[in-house]
Amino acid sequence: MDPRHKSRTITEGVDKTANRSMLRAMGLGDKDMVQPWVGVATVWSEATPCNVNLHEQGQTIAEAVTASGATSRRFNTISVSDGIAMGHEGMKASLISREVIADSVELMMRAHCYDGLVGVAGCDKSLPGMLMAMARLDVPSVFLYGGTIMPGRYKDKDVTIQDAFEAAGAYAAGTITKEELHAIECAVCPGAGACGGQYTANTMACVAEALGMALPGSSSPPAESADRDQYLKRIGEAIVNALNTGLKPSDILTKKAFENAIMVGAATGGSTNVALHIPAIAFELGIEITFDDIQRISHQTPILASLRPGGKYVMLDLHNVGGVPVVLKALLDAGVLNGDAMTITGKTMAENLKDVEVPAGQDVVTTHHAPFSPTGGLAIVRGNLAPDGGVIKTAGVTKLAQTGPARVFDGEEATMAAVQAREIKRGDIVVIRYEGPKGGPGMREMLGVTSAIVGQGLGYDVALLTDGRFSGATRGLMVGHVCPEAYEGGPIALVHDGDIVTVDAENGVLSIEISDEEMARRKAAWAPPRRHLSGALGKYAAQVGPAHKGAVTHAGPPVG
């Protein structure tokens with residue numbers, strides 16, 4: 001492939017004299033015009049610690065691109081902080097931001113005819129958003145995760161943002177003092193970087209390596225670690241090599257690569273959000289990833305990493321034992337990883353992992369001979385309450401089934417008020433509805449509610465289901481992505497207080513004990529809530545598809 005397959009449009013020809021004049025106004029010269037052009041996109045902002053040092057990382061990458069013989073052009077896009085948006089109306093913007101990120105990167109690349117893309121992402125939705133743009137554009141691309149935060153320390157143990165959310169519940173329950181709550185608040189986030197456990201950002205960082213779109217080992221160095229420097233500099237060489245060889249995302253992002261991505265999510269006890277984001281990335285290339293794929297692959301994948309919230313450790317600990325390549329090698333040795341999948345290095349996954357070993361004398365990553373669990377950390381449930389499915393994270397969950405009376409709430413705020421008033425009792429099945437992609441709109445995460453329940457000591461005595469989502473920091477028996485969603489008349493809209501509901505992750509069941517006739521009667525009497533939406537939320541609600549298909553907002557290429 002011509003490494004200048006796009007940029008020739010604006011750098012060659014008499015008719016592009018004015019175009020080149022604008023480029024020269026920014027200090028570019030004749031040499032820059034005849035080199036391939038690389039967009040260096042970051043999600044830098046001062047909105048969140050996840051992204052606060054990405055400007056500097058982008059600058060170093062741009063210098064490395066230039067040193068490798070290409071012309072770098074930096075630009076920026078938005079990123080919503082899930083942690084700061086959590087628990088209020090702002091969370092409706094989070095998933096929507098994934099589409100805005102993908103769309104804005106696409107538009108910048110198309111408008112300015114860049115030949116290649118380096119994408120640097122930090123907070124949760126920016127990772128899949130950047131990968132979606134790469135898949136959609138299908139120009140040579142390299143992904144880089146901005147890095148995890150260092151863990152905080154409180155009472156001689158590592159703490160993360162999850163501890164802050166749960167501390168709020170513990171304080172409401174009277175089990176810790178106001179002084180302890182403040183001390184935890186001040187300890188959990190010591191600097192730049194994304195949340196430290198195997199929550200959505202770190203999970204998707206592992207996914208990026210498993211997909212082959214990130215340089216091996218680049219996902220685990222903390223944001224403020226000197227270990228990142230080598231990867232920032234190597235990216236310049238990697239993107240120019242991809243341009244010269246014509247290696248594109250479509251060569252890397254095959255069905256086998258997406259299977260590897262699901263495996264690493266399952267093997268690390270990762271966030272249920274992989275069930276939303278992996279199908280969305282695959283959709284950009286016309287590849288269908290279904291809940292059945294996620295169930296099948298998770299069932300055959302052992303849990304091989306002990307990462308919070310289901311395990312003991314944080315991303316820094318994984319980095320210290322060799323990072324994501326160690327997990328991938330353990331999966332390869334277990335005979336489940338697709339070793340022949342191509343990667344951005346120009347080598348296969350197996351070739352990249354040839355000299356990697358699972359270190360002895362540590363318990364962060366194990367081998368398939370002694371897994372933390374014989375099956376992965378994700379499960380799909382279906383039944384008359386979720387005909388199209390729902391998603392459960394099973395990693396670290398000690399109670400995988402529960403039957404009990406429903407406590408039904410229309411929206412997160414009503415649920416939180418009931419939790420704070422101590423109205424939720426042991427054995428309850430909490431139902432939060434009208435929080436789906438259309439109904440929210442935006443499919444909010446429920447970390448505030450689940451953390452408050454855990455903080456009150458009810459984490460394994462209360463099950464929760466929603467057509468919204470859960471944070472990767474959520475723990476307990478929690479079903480998200482319940483489809484069809486309530487706003488579209490899914491069965492979750494028809495549940496009444498006191499209905500007997502069964503959640504059974506082991507047998508893949510989510511059901512309600514009412515007859516088909518009663519369900520039909522309730523459906524006939526149901527109508528969606530009246531509302532008026534405008535702006536970004538209105539556009540999103542009008543365009544978004546169902547959660548089990550990735551909650552995407554455009555038609556995409558033909559599926560094949």
# chains A, B, ... in the order shown; residues from 1 in each chain; ligands from 1
$ residues_around --residues "A:Met213" --least-positions-apart "4" --cutoff "7 Å" --atoms "only C-alpha atoms" --output "mmCIF file with N, CA, C and O atoms, in the first residue's frame"
data_model
loop_
_atom_site.group_PDB
_atom_site.id
_atom_site.type_symbol
_atom_site.label_atom_id
_atom_site.label_comp_id
_atom_site.auth_asym_id
_atom_site.auth_seq_id
_atom_site.Cartn_x
_atom_site.Cartn_y
_atom_site.Cartn_z
ATOM 1 N N VAL A 142 -1.996 2.485 15.454
ATOM 2 C CA VAL A 142 -1.446 1.900 16.682
ATOM 3 C C VAL A 142 -2.190 2.516 17.853
ATOM 4 O O VAL A 142 -2.368 3.746 17.920
ATOM 5 N N PHE A 143 -2.588 1.674 18.787
ATOM 6 C CA PHE A 143 -3.302 2.137 19.980
ATOM 7 C C PHE A 143 -2.355 2.159 21.172
ATOM 8 O O PHE A 143 -1.521 1.267 21.334
ATOM 9 N N ALA A 208 -7.019 -4.314 24.166
ATOM 10 C CA ALA A 208 -6.278 -3.724 23.047
ATOM 11 C C ALA A 208 -5.046 -4.539 22.701
ATOM 12 O O ALA A 208 -4.719 -4.730 21.519
ATOM 13 N N GLU A 209 -4.338 -5.035 23.721
ATOM 14 C CA GLU A 209 -3.181 -5.902 23.453
ATOM 15 C C GLU A 209 -3.618 -7.239 22.882
ATOM 16 O O GLU A 209 -2.993 -7.774 21.964
ATOM 17 N N THR A 343 -0.700 -9.171 14.591
ATOM 18 C CA THR A 343 -0.620 -8.036 15.508
ATOM 19 C C THR A 343 0.074 -6.857 14.828
ATOM 20 O O THR A 343 0.668 -6.997 13.754
ATOM 21 N N ILE A 344 0.057 -5.715 15.467
ATOM 22 C CA ILE A 344 0.630 -4.484 14.918
ATOM 23 C C ILE A 344 2.145 -4.575 14.760
ATOM 24 O O ILE A 344 2.742 -3.800 14.001
#
$ residues_around --residues "A:Ser298" --least-positions-apart "4" --cutoff "12 Å" --atoms "only C-alpha atoms" --output "PDB file with N, CA, C and O atoms, in the first residue's frame"
ATOM      1  N   GLU A 259     -12.021 -12.978  19.494  1.00  0.00           N
ATOM      2  CA  GLU A 259     -12.103 -14.087  20.444  1.00  0.00           C
ATOM      3  C   GLU A 259     -10.998 -13.969  21.492  1.00  0.00           C
ATOM      4  O   GLU A 259     -11.238 -14.189  22.700  1.00  0.00           O
ATOM      5  N   ASN A 260      -9.790 -13.621  21.068  1.00  0.00           N
ATOM      6  CA  ASN A 260      -8.696 -13.407  22.024  1.00  0.00           C
ATOM      7  C   ASN A 260      -9.026 -12.292  23.006  1.00  0.00           C
ATOM      8  O   ASN A 260      -8.686 -12.361  24.192  1.00  0.00           O
ATOM      9  N   ALA A 261      -9.680 -11.246  22.507  1.00  0.00           N
ATOM     10  CA  ALA A 261     -10.043 -10.118  23.360  1.00  0.00           C
ATOM     11  C   ALA A 261     -11.042 -10.536  24.436  1.00  0.00           C
ATOM     12  O   ALA A 261     -10.920 -10.146  25.605  1.00  0.00           O
ATOM     13  N   ILE A 262     -12.029 -11.325  24.049  1.00  0.00           N
ATOM     14  CA  ILE A 262     -12.993 -11.831  25.032  1.00  0.00           C
ATOM     15  C   ILE A 262     -12.277 -12.705  26.050  1.00  0.00           C
ATOM     16  O   ILE A 262     -12.544 -12.635  27.260  1.00  0.00           O
ATOM     17  N   MET A 263     -11.341 -13.527  25.576  1.00  0.00           N
ATOM     18  CA  MET A 263     -10.586 -14.407  26.484  1.00  0.00           C
ATOM     19  C   MET A 263      -9.854 -13.621  27.556  1.00  0.00           C
ATOM     20  O   MET A 263      -9.880 -13.986  28.739  1.00  0.00           O
ATOM     21  N   VAL A 264      -9.168 -12.551  27.159  1.00  0.00           N
ATOM     22  CA  VAL A 264      -8.378 -11.828  28.151  1.00  0.00           C
ATOM     23  C   VAL A 264      -9.293 -11.124  29.148  1.00  0.00           C
ATOM     24  O   VAL A 264      -8.965 -11.007  30.330  1.00  0.00           O
ATOM     25  N   GLY A 265     -10.465 -10.670  28.682  1.00  0.00           N
ATOM     26  CA  GLY A 265     -11.428 -10.115  29.623  1.00  0.00           C
ATOM     27  C   GLY A 265     -11.905 -11.157  30.616  1.00  0.00           C
ATOM     28  O   GLY A 265     -11.980 -10.900  31.827  1.00  0.00           O
ATOM     29  N   ALA A 266     -12.215 -12.352  30.112  1.00  0.00           N
ATOM     30  CA  ALA A 266     -12.684 -13.431  30.983  1.00  0.00           C
ATOM     31  C   ALA A 266     -11.589 -13.929  31.909  1.00  0.00           C
ATOM     32  O   ALA A 266     -11.831 -14.217  33.088  1.00  0.00           O
ATOM     33  N   ALA A 267     -10.368 -14.025  31.409  1.00  0.00           N
ATOM     34  CA  ALA A 267      -9.259 -14.583  32.189  1.00  0.00           C
ATOM     35  C   ALA A 267      -8.774 -13.661  33.291  1.00  0.00           C
ATOM     36  O   ALA A 267      -8.116 -14.109  34.234  1.00  0.00           O
ATOM     37  N   THR A 268      -9.081 -12.368  33.165  1.00  0.00           N
ATOM     38  CA  THR A 268      -8.627 -11.399  34.172  1.00  0.00           C
ATOM     39  C   THR A 268      -9.746 -10.943  35.092  1.00  0.00           C
ATOM     40  O   THR A 268      -9.545 -10.046  35.911  1.00  0.00           O
ATOM     41  N   GLY A 269     -10.927 -11.574  34.987  1.00  0.00           N
ATOM     42  CA  GLY A 269     -12.057 -11.119  35.791  1.00  0.00           C
ATOM     43  C   GLY A 269     -12.454  -9.708  35.455  1.00  0.00           C
ATOM     44  O   GLY A 269     -12.814  -8.917  36.324  1.00  0.00           O
ATOM     45  N   GLY A 270     -12.417  -9.378  34.164  1.00  0.00           N
ATOM     46  CA  GLY A 270     -12.604  -8.002  33.720  1.00  0.00           C
ATOM     47  C   GLY A 270     -14.043  -7.539  33.718  1.00  0.00           C
ATOM     48  O   GLY A 270     -14.978  -8.270  34.051  1.00  0.00           O
ATOM     49  N   THR A 272     -17.780  -6.220  32.801  1.00  0.00           N
ATOM     50  CA  THR A 272     -18.857  -6.661  31.903  1.00  0.00           C
ATOM     51  C   THR A 272     -18.988  -5.740  30.700  1.00  0.00           C
ATOM     52  O   THR A 272     -19.643  -6.103  29.713  1.00  0.00           O
ATOM     53  N   VAL A 274     -16.965  -5.253  28.490  1.00  0.00           N
ATOM     54  CA  VAL A 274     -16.414  -5.863  27.271  1.00  0.00           C
ATOM     55  C   VAL A 274     -17.530  -6.427  26.405  1.00  0.00           C
ATOM     56  O   VAL A 274     -17.402  -6.480  25.175  1.00  0.00           O
ATOM     57  N   ALA A 275     -18.643  -6.829  27.047  1.00  0.00           N
ATOM     58  CA  ALA A 275     -19.775  -7.371  26.289  1.00  0.00           C
ATOM     59  C   ALA A 275     -20.486  -6.283  25.497  1.00  0.00           C
ATOM     60  O   ALA A 275     -21.293  -6.592  24.612  1.00  0.00           O
ATOM     61  N   PHE A 291     -23.660 -12.310  22.244  1.00  0.00           N
ATOM     62  CA  PHE A 291     -23.634 -12.806  23.617  1.00  0.00           C
ATOM     63  C   PHE A 291     -23.275 -14.291  23.644  1.00  0.00           C
ATOM     64  O   PHE A 291     -22.622 -14.765  24.585  1.00  0.00           O
ATOM     65  N   ASP A 292     -23.692 -15.028  22.623  1.00  0.00           N
ATOM     66  CA  ASP A 292     -23.351 -16.453  22.565  1.00  0.00           C
ATOM     67  C   ASP A 292     -21.845 -16.647  22.443  1.00  0.00           C
ATOM     68  O   ASP A 292     -21.272 -17.565  23.053  1.00  0.00           O
ATOM     69  N   ASP A 293     -21.183 -15.790  21.664  1.00  0.00           N
ATOM     70  CA  ASP A 293     -19.725 -15.857  21.553  1.00  0.00           C
ATOM     71  C   ASP A 293     -19.081 -15.597  22.912  1.00  0.00           C
ATOM     72  O   ASP A 293     -18.124 -16.284  23.309  1.00  0.00           O
ATOM     73  N   ILE A 294     -19.590 -14.590  23.603  1.00  0.00           N
ATOM     74  CA  ILE A 294     -19.022 -14.243  24.909  1.00  0.00           C
ATOM     75  C   ILE A 294     -19.219 -15.374  25.895  1.00  0.00           C
ATOM     76  O   ILE A 294     -18.300 -15.743  26.640  1.00  0.00           O
ATOM     77  N   PRO A 302     -10.130 -20.250  31.489  1.00  0.00           N
ATOM     78  CA  PRO A 302      -9.931 -20.195  32.945  1.00  0.00           C
ATOM     79  C   PRO A 302      -9.557 -18.794  33.404  1.00  0.00           C
ATOM     80  O   PRO A 302      -9.006 -18.000  32.629  1.00  0.00           O
ATOM     81  N   ILE A 303      -9.879 -18.464  34.647  1.00  0.00           N
ATOM     82  CA  ILE A 303      -9.402 -17.217  35.237  1.00  0.00           C
ATOM     83  C   ILE A 303      -7.966 -17.428  35.684  1.00  0.00           C
ATOM     84  O   ILE A 303      -7.674 -18.290  36.522  1.00  0.00           O
ATOM     85  N   VAL A 336      -6.011 -22.154  24.479  1.00  0.00           N
ATOM     86  CA  VAL A 336      -7.245 -21.471  24.094  1.00  0.00           C
ATOM     87  C   VAL A 336      -6.999 -20.231  23.236  1.00  0.00           C
ATOM     88  O   VAL A 336      -7.832 -19.864  22.409  1.00  0.00           O
ATOM     89  N   LEU A 337      -5.867 -19.568  23.406  1.00  0.00           N
ATOM     90  CA  LEU A 337      -5.589 -18.343  22.648  1.00  0.00           C
ATOM     91  C   LEU A 337      -5.315 -18.668  21.177  1.00  0.00           C
ATOM     92  O   LEU A 337      -4.645 -19.653  20.869  1.00  0.00           O
ATOM     93  N   SER A 373     -10.081 -20.060  38.663  1.00  0.00           N
ATOM     94  CA  SER A 373     -11.388 -20.654  38.360  1.00  0.00           C
ATOM     95  C   SER A 373     -11.253 -21.366  37.031  1.00  0.00           C
ATOM     96  O   SER A 373     -10.552 -20.884  36.144  1.00  0.00           O
ATOM     97  N   PRO A 374     -11.901 -22.519  36.865  1.00  0.00           N
ATOM     98  CA  PRO A 374     -11.775 -23.242  35.590  1.00  0.00           C
ATOM     99  C   PRO A 374     -12.496 -22.561  34.432  1.00  0.00           C
ATOM    100  O   PRO A 374     -12.222 -22.863  33.271  1.00  0.00           O
ATOM    101  N   THR A 375     -13.428 -21.660  34.752  1.00  0.00           N
ATOM    102  CA  THR A 375     -14.134 -20.934  33.703  1.00  0.00           C
ATOM    103  C   THR A 375     -13.996 -19.434  33.942  1.00  0.00           C
ATOM    104  O   THR A 375     -13.720 -18.982  35.057  1.00  0.00           O
ATOM    105  N   GLY A 376     -14.199 -18.676  32.872  1.00  0.00           N
ATOM    106  CA  GLY A 376     -13.943 -17.240  32.914  1.00  0.00           C
ATOM    107  C   GLY A 376     -14.937 -16.438  33.727  1.00  0.00           C
ATOM    108  O   GLY A 376     -15.946 -16.956  34.222  1.00  0.00           O
ATOM    109  N   GLY A 377     -14.652 -15.139  33.832  1.00  0.00           N
ATOM    110  CA  GLY A 377     -15.390 -14.279  34.746  1.00  0.00           C
ATOM    111  C   GLY A 377     -16.614 -13.622  34.171  1.00  0.00           C
ATOM    112  O   GLY A 377     -17.156 -12.689  34.783  1.00  0.00           O
ATOM    113  N   LEU A 378     -17.108 -14.062  33.010  1.00  0.00           N
ATOM    114  CA  LEU A 378     -18.297 -13.474  32.402  1.00  0.00           C
ATOM    115  C   LEU A 378     -19.317 -14.566  32.131  1.00  0.00           C
ATOM    116  O   LEU A 378     -18.963 -15.674  31.715  1.00  0.00           O
ATOM    117  N   ALA A 379     -20.589 -14.244  32.375  1.00  0.00           N
ATOM    118  CA  ALA A 379     -21.662 -15.202  32.102  1.00  0.00           C
ATOM    119  C   ALA A 379     -22.841 -14.464  31.491  1.00  0.00           C
ATOM    120  O   ALA A 379     -23.110 -13.307  31.830  1.00  0.00           O
ATOM    121  N   ILE A 380     -23.544 -15.143  30.611  1.00  0.00           N
ATOM    122  CA  ILE A 380     -24.749 -14.609  29.980  1.00  0.00           C
ATOM    123  C   ILE A 380     -25.955 -15.345  30.561  1.00  0.00           C
ATOM    124  O   ILE A 380     -25.940 -16.575  30.693  1.00  0.00           O
ATOM    125  N   VAL A 391     -25.856  -9.725  31.248  1.00  0.00           N
ATOM    126  CA  VAL A 391     -24.451 -10.047  31.489  1.00  0.00           C
ATOM    127  C   VAL A 391     -24.149  -9.984  32.985  1.00  0.00           C
ATOM    128  O   VAL A 391     -24.550  -9.033  33.667  1.00  0.00           O
ATOM    129  N   ILE A 392     -23.424 -10.989  33.473  1.00  0.00           N
ATOM    130  CA  ILE A 392     -22.986 -11.037  34.865  1.00  0.00           C
ATOM    131  C   ILE A 392     -21.477 -11.217  34.902  1.00  0.00           C
ATOM    132  O   ILE A 392     -20.920 -12.022  34.152  1.00  0.00           O
ATOM    133  N   LYS A 393     -20.819 -10.483  35.815  1.00  0.00           N
ATOM    134  CA  LYS A 393     -19.415 -10.783  36.108  1.00  0.00           C
ATOM    135  C   LYS A 393     -19.389 -11.766  37.275  1.00  0.00           C
ATOM    136  O   LYS A 393     -19.839 -11.443  38.369  1.00  0.00           O
ATOM    137  N   THR A 394     -18.862 -12.950  37.045  1.00  0.00           N
ATOM    138  CA  THR A 394     -18.849 -13.993  38.072  1.00  0.00           C
ATOM    139  C   THR A 394     -17.539 -14.060  38.844  1.00  0.00           C
ATOM    140  O   THR A 394     -17.469 -14.727  39.879  1.00  0.00           O
ATOM    141  N   ALA A 395     -16.498 -13.382  38.359  1.00  0.00           N
ATOM    142  CA  ALA A 395     -15.196 -13.453  39.024  1.00  0.00           C
ATOM    143  C   ALA A 395     -15.297 -12.939  40.458  1.00  0.00           C
ATOM    144  O   ALA A 395     -15.719 -11.810  40.695  1.00  0.00           O
TER     145      ALA A 395
END
$ residues_around --residues "A:Glu180" --least-positions-apart "2" --cutoff "12 Å" --atoms "only C-alpha atoms" --output "compact mmCIF listing (two decimals) with N, CA, C and O atoms, in the first residue's frame"
# COMPACT_ATOMS: atom_id res chain seq x y z
N TYR A 154 -3.97 2.93 52.32
CA TYR A 154 -4.76 3.27 53.51
C TYR A 154 -4.69 2.09 54.47
O TYR A 154 -4.99 0.95 54.09
N LYS A 155 -4.26 2.37 55.67
CA LYS A 155 -4.11 1.32 56.69
C LYS A 155 -3.29 0.15 56.16
O LYS A 155 -3.66 -1.03 56.29
N ASP A 163 -12.83 1.56 46.65
CA ASP A 163 -12.90 1.69 48.11
C ASP A 163 -13.61 2.98 48.52
O ASP A 163 -14.29 3.02 49.54
N ALA A 164 -13.47 4.03 47.70
CA ALA A 164 -14.15 5.29 48.02
C ALA A 164 -15.65 5.14 47.88
O ALA A 164 -16.43 5.60 48.73
N ALA A 167 -16.85 2.99 50.70
CA ALA A 167 -16.75 3.69 51.97
C ALA A 167 -17.96 4.59 52.21
O ALA A 167 -18.42 4.75 53.35
N ALA A 168 -18.48 5.18 51.12
CA ALA A 168 -19.67 6.01 51.27
C ALA A 168 -20.84 5.18 51.79
O ALA A 168 -21.61 5.64 52.66
N ALA A 170 -20.51 2.40 53.57
CA ALA A 170 -20.17 2.01 54.94
C ALA A 170 -20.45 3.14 55.92
O ALA A 170 -20.93 2.92 57.04
N TYR A 171 -20.15 4.37 55.50
CA TYR A 171 -20.43 5.52 56.37
C TYR A 171 -21.93 5.68 56.57
O TYR A 171 -22.40 5.93 57.70
N GLY A 174 -23.09 3.43 59.10
CA GLY A 174 -22.57 3.68 60.44
C GLY A 174 -21.41 2.80 60.85
O GLY A 174 -21.07 2.73 62.04
N THR A 175 -20.75 2.15 59.86
CA THR A 175 -19.67 1.23 60.22
C THR A 175 -18.29 1.88 60.16
O THR A 175 -17.31 1.27 60.59
N ILE A 176 -18.19 3.08 59.57
CA ILE A 176 -16.94 3.85 59.65
C ILE A 176 -17.28 5.28 60.03
O ILE A 176 -18.41 5.74 59.87
N THR A 177 -16.28 5.99 60.53
CA THR A 177 -16.50 7.37 60.98
C THR A 177 -16.32 8.35 59.82
O THR A 177 -15.79 8.01 58.75
N LYS A 178 -16.74 9.60 60.05
CA LYS A 178 -16.56 10.64 59.05
C LYS A 178 -15.08 10.87 58.78
O LYS A 178 -14.68 11.14 57.64
N HIS A 182 -13.15 10.48 55.16
CA HIS A 182 -12.33 11.53 54.56
C HIS A 182 -10.93 11.02 54.26
O HIS A 182 -10.34 11.36 53.22
N ALA A 183 -10.38 10.20 55.15
CA ALA A 183 -9.04 9.66 54.94
C ALA A 183 -9.00 8.77 53.70
O ALA A 183 -8.03 8.80 52.92
N ILE A 184 -10.05 7.96 53.51
CA ILE A 184 -10.11 7.11 52.32
C ILE A 184 -10.24 7.96 51.07
O ILE A 184 -9.56 7.72 50.06
N GLU A 185 -11.09 8.98 51.12
CA GLU A 185 -11.26 9.90 49.99
C GLU A 185 -9.93 10.50 49.56
O GLU A 185 -9.66 10.63 48.35
N CYS A 186 -9.11 10.83 50.52
CA CYS A 186 -7.83 11.48 50.22
C CYS A 186 -6.75 10.51 49.78
O CYS A 186 -5.72 10.93 49.24
N ALA A 187 -6.97 9.21 49.99
CA ALA A 187 -5.91 8.23 49.75
C ALA A 187 -6.02 7.50 48.42
O ALA A 187 -5.01 7.07 47.86
$ closest_residue --among "A:Lys233, A:His112, A:His277, A:His55" --to "A:Asp124" --atoms "only C-alpha atoms"
A:His277
$ select_by_dssp --residues "stretch 43-218 of chain A" --states "strand (DSSP E)" --output "list in words"
Thr71, Ser72, Arg73, Arg74, Phe75, Asn76, Gly116, Leu117, Val118, Gly119, Val120, Ala121, Ser141, Val142, Phe143, Leu144, Tyr145, Gly152, Arg153, Tyr154, Lys157, Asp158 and Val159 of chain A
$ write_last_selection --atoms "C-alpha atoms" --output "mmCIF file, in the first residue's frame"
data_model
loop_
_atom_site.group_PDB
_atom_site.id
_atom_site.type_symbol
_atom_site.label_atom_id
_atom_site.label_comp_id
_atom_site.auth_asym_id
_atom_site.auth_seq_id
_atom_site.Cartn_x
_atom_site.Cartn_y
_atom_site.Cartn_z
ATOM 1 C CA THR A 71 4.886 13.994 9.556
ATOM 2 C CA SER A 72 2.949 14.031 12.825
ATOM 3 C CA ARG A 73 -0.181 16.085 13.456
ATOM 4 C CA ARG A 74 -1.589 16.148 16.989
ATOM 5 C CA PHE A 75 -5.247 16.657 17.761
ATOM 6 C CA ASN A 76 -7.542 16.130 20.704
ATOM 7 C CA GLY A 116 -2.080 6.734 9.676
ATOM 8 C CA LEU A 117 -3.334 7.088 13.227
ATOM 9 C CA VAL A 118 -1.886 6.780 16.693
ATOM 10 C CA GLY A 119 -4.661 6.863 19.287
ATOM 11 C CA VAL A 120 -3.962 7.493 22.985
ATOM 12 C CA ALA A 121 -6.835 6.889 25.401
ATOM 13 C CA SER A 141 -3.065 2.492 13.284
ATOM 14 C CA VAL A 142 -1.446 1.900 16.682
ATOM 15 C CA PHE A 143 -3.302 2.137 19.980
ATOM 16 C CA LEU A 144 -1.773 3.215 23.287
ATOM 17 C CA TYR A 145 -3.396 3.152 26.702
ATOM 18 C CA GLY A 152 -3.314 4.554 47.027
ATOM 19 C CA ARG A 153 -2.456 3.327 50.510
ATOM 20 C CA TYR A 154 -4.761 3.270 53.508
ATOM 21 C CA LYS A 157 -3.191 -1.846 52.095
ATOM 22 C CA ASP A 158 -3.630 -0.805 48.475
ATOM 23 C CA VAL A 159 -6.839 1.094 47.814
#
$ residues_around --residues "A:Cys483" --least-positions-apart "3" --cutoff "12 Å" --atoms "only C-alpha atoms" --output "number ranges by chain"
A: 291, 380-391, 433-439, 443, 465-469, 479-480, 486-493, 510, 545-551
$ residues_around --residues "stretch 149-151 of chain A" --least-positions-apart "4" --cutoff "7 Å" --atoms "only C-alpha atoms" --output "list in words"
Asp158, Val159, Thr160, Val188, Cys189, Pro190, Gly191, Ala192, Gly193, Ala194, Cys195, Gly196, Pro222, Ala223 and Leu316 of chain A
$ closest_residue --among "A:Gly197, A:Gly411, A:Gly286, A:Gly339" --to "A:Asp317" --atoms "only C-alpha atoms"
A:Gly197
$ closest_residue --among "A:Ala401, A:Val34, A:Leu54, A:Ala414" --to "A:Arg228" --atoms "only C-alpha atoms"
A:Leu54
$ atom_distance --atom1 "atom CA of A:Val43" --atom2 "atom CA of A:Thr245"
27.8 Å
$ closest_atom_pairs --of "stretch 404-493 of chain A" --to "stretch 200-203 of chain A" --cutoff "12 Å" --atoms "only C-alpha atoms" --output "JSON lines"
{"residue": "A:Glu445", "atom": "CA", "partner": "A:Thr200", "partner_atom": "CA", "distance": 11.1}
{"residue": "A:Arg469", "atom": "CA", "partner": "A:Thr200", "partner_atom": "CA", "distance": 11.4}
{"residue": "A:Phe470", "atom": "CA", "partner": "A:Thr200", "partner_atom": "CA", "distance": 9.6}
{"residue": "A:Ser471", "atom": "CA", "partner": "A:Thr200", "partner_atom": "CA", "distance": 6.8}
{"residue": "A:Gly472", "atom": "CA", "partner": "A:Thr200", "partner_atom": "CA", "distance": 5.0}
{"residue": "A:Ala473", "atom": "CA", "partner": "A:Thr200", "partner_atom": "CA", "distance": 8.0}
{"residue": "A:Thr474", "atom": "CA", "partner": "A:Thr200", "partner_atom": "CA", "distance": 10.4}
$ select_by_dssp --residues "stretch 246-476 of chain A" --states "helix (DSSP H, G or I)" --output "MDAnalysis selection string"
chainID A and resid 249:252 255:267 274:283 291:300 315:320 324:333 349:352 412:420 447:455
$ residues_around --residues "A:Gly322" --least-positions-apart "2" --cutoff "12 Å" --atoms "only C-alpha atoms" --output "ChimeraX atom specification"
/A:216-221,227,315-320,324-330,353,355-360,362,364-365
$ atom_distance --atom1 "atom CA of A:Ile161" --atom2 "atom CA of A:Ala41"
26.9 Å
